[in-house]
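Here's the structure, in structure tokens; my notes come after.
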Amino acid sequence: MDTRNERDGYVARPVPAATMQAVVFDTYGPPDVLRVAELPLPHPARGEVRVRVRAAGVQPADCSTRSGWFAQRGIGQAPFPRQLGNEFAGVVEHVGDDVDGIVAGDEVLGWTTASAYAEAVVVPPDQLVAKPIMMTWAVAGSLSASGQTAHTAVQALDIVRGDTVLVHGAAGGVGTIAVQLARLRGARVIGTASRENHDYLRTLGAEPVLYGPGLAERVRELAPGGVQAALDASGRGALDASIALGIEPSRIATLVAFEDVQRLGVRGVRSDRNRARLQELVDLHDSGRLRVHVRDIYPLSHAVVAHRDVENGHGRGKVVLMVYSTFGHAL
């Protein structure tokens, strides 16, 4: 045993704590407030696992959090610096005590709350499902949150065979999934989108219509027999147009315009995330019945650019951050 001390000219140095890189922000504002920081590597407690992140989806909700939109409405306030990201895919790296059925090396996808833009996340195992071998990392990292939001909404609207459903913002990450889930239930789907995304919507089985002034009249031309349900994933005057179409308010749901829910008597829907719901989505994708379109991929260090991409409001499908562990880190 080495018994030397400082008087002998020997100073014991502590082993540096393991760290990881993560995207954080220190104030609300435009995408430029995002930065990459060194944070302590999280350690799983009893009943948790640590996942080395390979991909993390970028959602409009992340942009609303970063900009302060949610904070202005008293939602999700937390001390700075803050992290972002609610969906991810990666490899299980460390398993805490009292966790069964999952081992280091398992490839998984799942969800968390505002921490996925990082090299690692810690979550309970019931927020994870196995990643199919043929599912790409980009798709796996962008399915969980958006997919479960769409699934929750379609289920809440009780869409059935024979319904005509209007999906506002149909080409986006949530809209893309909602269109397909409604079609799988046997519904006819009309989807609003910019003109450049109309052909894309047709590939999903939706009938496209241009959003903006005159929307209700254009939808009536497509569906003179009426529309039974509407899902607002865009917030661009979608609820008033849906009301104008004579749709029963209880079958109009919004994912974004919660301030109008009481005024119009429509439904505000928030994602009800659970393992069974995510597993159903994964199974649908694995069987070829559900497509996840990834339009752009950026490295973690380009989160600023990824947020600008999402905020342009016209892209189809999902934007994904790919996470590559930095040299010299414990990951």
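To be explicit about the labels: the chains of the structure tokens are called A, B, and onward in the order shown, and within each one the residues are counted from 1, while ligands get numbers from 1 in the order they are shown.
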
Per residue of region 131-215 of chain A within 10 Å of region 108-118 of chain A, note the shortest atom pair and the distance in Å to one decimal, counting only C-alpha atoms, and order the rows by chain and increasing residue number, as JSON lines.
```
{"residue": "A:Lys131", "atom": "CA", "partner": "A:Val108", "partner_atom": "CA", "distance": 4.6}
{"residue": "A:Pro132", "atom": "CA", "partner": "A:Val108", "partner_atom": "CA", "distance": 8.4}
{"residue": "A:Trp137", "atom": "CA", "partner": "A:Leu109", "partner_atom": "CA", "distance": 8.8}
{"residue": "A:Val139", "atom": "CA", "partner": "A:Leu109", "partner_atom": "CA", "distance": 9.6}
{"residue": "A:Ala140", "atom": "CA", "partner": "A:Leu109", "partner_atom": "CA", "distance": 5.9}
{"residue": "A:Gly141", "atom": "CA", "partner": "A:Leu109", "partner_atom": "CA", "distance": 6.4}
{"residue": "A:Ser142", "atom": "CA", "partner": "A:Leu109", "partner_atom": "CA", "distance": 8.9}
{"residue": "A:Leu143", "atom": "CA", "partner": "A:Leu109", "partner_atom": "CA", "distance": 8.3}
{"residue": "A:Ser144", "atom": "CA", "partner": "A:Gly110", "partner_atom": "CA", "distance": 5.8}
{"residue": "A:Ala145", "atom": "CA", "partner": "A:Trp111", "partner_atom": "CA", "distance": 6.4}
{"residue": "A:Gln148", "atom": "CA", "partner": "A:Trp111", "partner_atom": "CA", "distance": 9.8}
```

I'd like the neighbourhood of Arg46 (chain A) as a PyMOL selection string, where a residue qualifies if any of its atoms comes within 12 Å (using only C-alpha atoms), though same-chain residues fewer than 6 positions away should be ignored. chain A and resi 94-100+122-125

Might you pull out every residue within 10 Å of Ile133 (chain A), with only C-alpha atoms counted and same-chain residues fewer than 3 positions away left off, and present them as a PyMOL selection string? chain A and resi 107+130+136-137+286

Selection near region 169-176 of chain A, 8 Å with only C-alpha atoms, sequence-local residues under 3 positions removed, as a PyMOL selection string: chain A and resi 59+146-147+149-150+179-180+191-193+197+200-201+204+232-234+292-293+314-318

Taking 3 positions as the minimum chain separation for residues in the same chain, which residues sit within 10 Å of region 322-324 of chain A when counting only C-alpha atoms? Answer as a list in words. Gln21, Ala22, Arg52, Val53, Arg54, Ala55, Ala56, Gly57, Phe88, Ala89, Gly90, Ala116, Tyr117, Ala118, Glu119, Ala120, Trp137, Ala138, Gly141, Ile297, Tyr298, Pro299, Leu300, Ser301, His302, Ala303, Val319, Phe327 and Leu331 of chain A

What does the distance from CA of Ala37 (chain A) to CA of Asp106 (chain A) come to in Å, to one decimal? 27.1 Å

Taking the chain letters and numbering used in this document, name the residues of region 38-151 of chain A that DSSP puts in helix (DSSP H, G or I), as a ChimeraX atom specification. /A:60-67,69-72,125-127,137-141,144-151

Among the residues of region 176-311 of chain A, find those DSSP assigns to strand (DSSP E) from the backbone and print them as an NGL selection string. :A and (188-193 or 207-210 or 229-232 or 252-254 or 267-268 or 294-299)

Using only C-alpha atoms, the shortest atom-to-atom distance to Glu217 (chain A) among A:Gly265, A:Phe80, A:Ser242, A:Val282 belongs to A:Ser242

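Residue nearest Leu157 (chain A) within the list A:Ala257, A:Val129, A:Ile190, A:Ile252: A:Ile252 [criterion: smallest interatomic distance, only C-alpha atoms].
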
Which residue is closest to Arg273 (chain A)? Choose from A:Val209, A:Ala78, A:Leu128, A:Ala223 and count only C-alpha atoms.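 Counting only C-alpha atoms, the residue closest to Arg273 (chain A) is A:Leu128.
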
Go through A:Ala306, A:Leu210, A:Ile247, A:Met135 and flag the residue nearest Ser287 (chain A), using only C-alpha atoms for the distances. A:Met135

Taking only C-alpha atoms into account, which of A:Pro40, A:Gly85, A:Gly76, A:Pro31 comes nearest Leu321 (chain A)? A:Gly85

What's the 12 Å shell around region 260-262 of chain A, counting only C-alpha atoms, without same-chain residues fewer than 2 positions away, as a ChimeraX atom specification? /A:232,235-240,243,249-250,252-258,264-269

Please, could you write that set of residues out with N, CA, C and O atoms as a short mmCIF file (atom, residue, chain, number, x, y, z; two decimals), in the first residue's frame?
```cif
data_model
loop_
_atom_site.label_atom_id
_atom_site.label_comp_id
_atom_site.auth_asym_id
_atom_site.auth_seq_id
_atom_site.Cartn_x
_atom_site.Cartn_y
_atom_site.Cartn_z
N ASP A 232 -56.29 18.68 -35.29
CA ASP A 232 -55.47 19.87 -35.54
C ASP A 232 -54.06 19.63 -35.02
O ASP A 232 -53.83 19.61 -33.81
N GLY A 235 -52.41 24.27 -35.86
CA GLY A 235 -52.74 25.50 -35.14
C GLY A 235 -52.99 26.72 -36.01
O GLY A 235 -53.19 27.81 -35.50
N ARG A 236 -53.01 26.58 -37.31
CA ARG A 236 -53.16 27.73 -38.22
C ARG A 236 -54.63 27.95 -38.56
O ARG A 236 -55.06 27.77 -39.68
N GLY A 237 -55.42 28.36 -37.59
CA GLY A 237 -56.84 28.59 -37.84
C GLY A 237 -57.61 27.32 -38.11
O GLY A 237 -58.74 27.36 -38.59
N ALA A 238 -57.01 26.18 -37.76
CA ALA A 238 -57.61 24.90 -38.09
C ALA A 238 -58.91 24.65 -37.34
O ALA A 238 -59.86 24.08 -37.89
N LEU A 239 -58.98 25.07 -36.10
CA LEU A 239 -60.17 24.78 -35.30
C LEU A 239 -61.39 25.53 -35.80
O LEU A 239 -62.48 24.98 -35.90
N ASP A 240 -61.23 26.80 -36.13
CA ASP A 240 -62.36 27.57 -36.64
C ASP A 240 -62.86 26.99 -37.96
O ASP A 240 -64.07 26.94 -38.21
N ILE A 243 -64.88 23.87 -37.15
CA ILE A 243 -66.22 24.23 -36.66
C ILE A 243 -67.11 24.67 -37.82
O ILE A 243 -68.30 24.31 -37.90
N PRO A 249 -68.17 19.32 -32.11
CA PRO A 249 -66.98 19.73 -31.36
C PRO A 249 -66.30 18.61 -30.59
O PRO A 249 -65.08 18.60 -30.44
N SER A 250 -67.09 17.63 -30.10
CA SER A 250 -66.49 16.53 -29.34
C SER A 250 -65.61 15.64 -30.22
O SER A 250 -64.81 14.85 -29.70
N ILE A 252 -63.61 17.04 -32.59
CA ILE A 252 -62.53 17.90 -33.06
C ILE A 252 -61.49 17.94 -31.95
O ILE A 252 -61.80 18.27 -30.80
N ALA A 253 -60.25 17.60 -32.28
CA ALA A 253 -59.19 17.58 -31.28
C ALA A 253 -58.02 18.43 -31.75
O ALA A 253 -57.69 18.45 -32.94
N THR A 254 -57.40 19.13 -30.81
CA THR A 254 -56.19 19.89 -31.13
C THR A 254 -55.04 19.40 -30.28
O THR A 254 -55.21 19.05 -29.10
N LEU A 255 -53.87 19.41 -30.89
CA LEU A 255 -52.64 19.06 -30.19
C LEU A 255 -51.83 20.29 -29.85
O LEU A 255 -50.80 20.18 -29.17
N VAL A 256 -52.28 21.46 -30.33
CA VAL A 256 -51.46 22.67 -30.19
C VAL A 256 -52.22 23.89 -29.69
O VAL A 256 -51.68 24.69 -28.91
N ALA A 257 -53.46 24.09 -30.11
CA ALA A 257 -54.20 25.33 -29.80
C ALA A 257 -55.05 25.16 -28.55
O ALA A 257 -56.29 25.31 -28.57
N PHE A 258 -54.41 24.89 -27.43
CA PHE A 258 -55.14 24.61 -26.20
C PHE A 258 -55.88 25.85 -25.68
O PHE A 258 -56.85 25.72 -24.94
N LEU A 264 -64.18 27.11 -28.00
CA LEU A 264 -64.89 26.40 -29.06
C LEU A 264 -65.54 25.10 -28.60
O LEU A 264 -66.30 24.49 -29.35
N GLY A 265 -65.20 24.66 -27.38
CA GLY A 265 -65.79 23.43 -26.89
C GLY A 265 -65.22 22.17 -27.52
O GLY A 265 -65.86 21.11 -27.51
N VAL A 266 -63.99 22.29 -28.08
CA VAL A 266 -63.35 21.13 -28.71
C VAL A 266 -62.47 20.42 -27.69
O VAL A 266 -62.37 20.84 -26.53
N ARG A 267 -61.78 19.38 -28.13
CA ARG A 267 -60.97 18.59 -27.22
C ARG A 267 -59.49 18.95 -27.34
O ARG A 267 -58.97 19.07 -28.45
N GLY A 268 -58.84 19.13 -26.22
CA GLY A 268 -57.40 19.27 -26.21
C GLY A 268 -56.80 17.93 -25.86
O GLY A 268 -57.15 17.32 -24.83
N VAL A 269 -55.91 17.43 -26.70
CA VAL A 269 -55.35 16.09 -26.52
C VAL A 269 -53.86 16.19 -26.27
O VAL A 269 -53.13 16.82 -27.04
#
```

For Asn86 (chain A), which residue among A:Thr164, A:Glu248, A:Val320, A:Pro30 is the nearest when counting only C-alpha atoms?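 Going through A:Thr164, A:Glu248, A:Val320, A:Pro30 one by one, the smallest distance to Asn86 (chain A) is for A:Val320.
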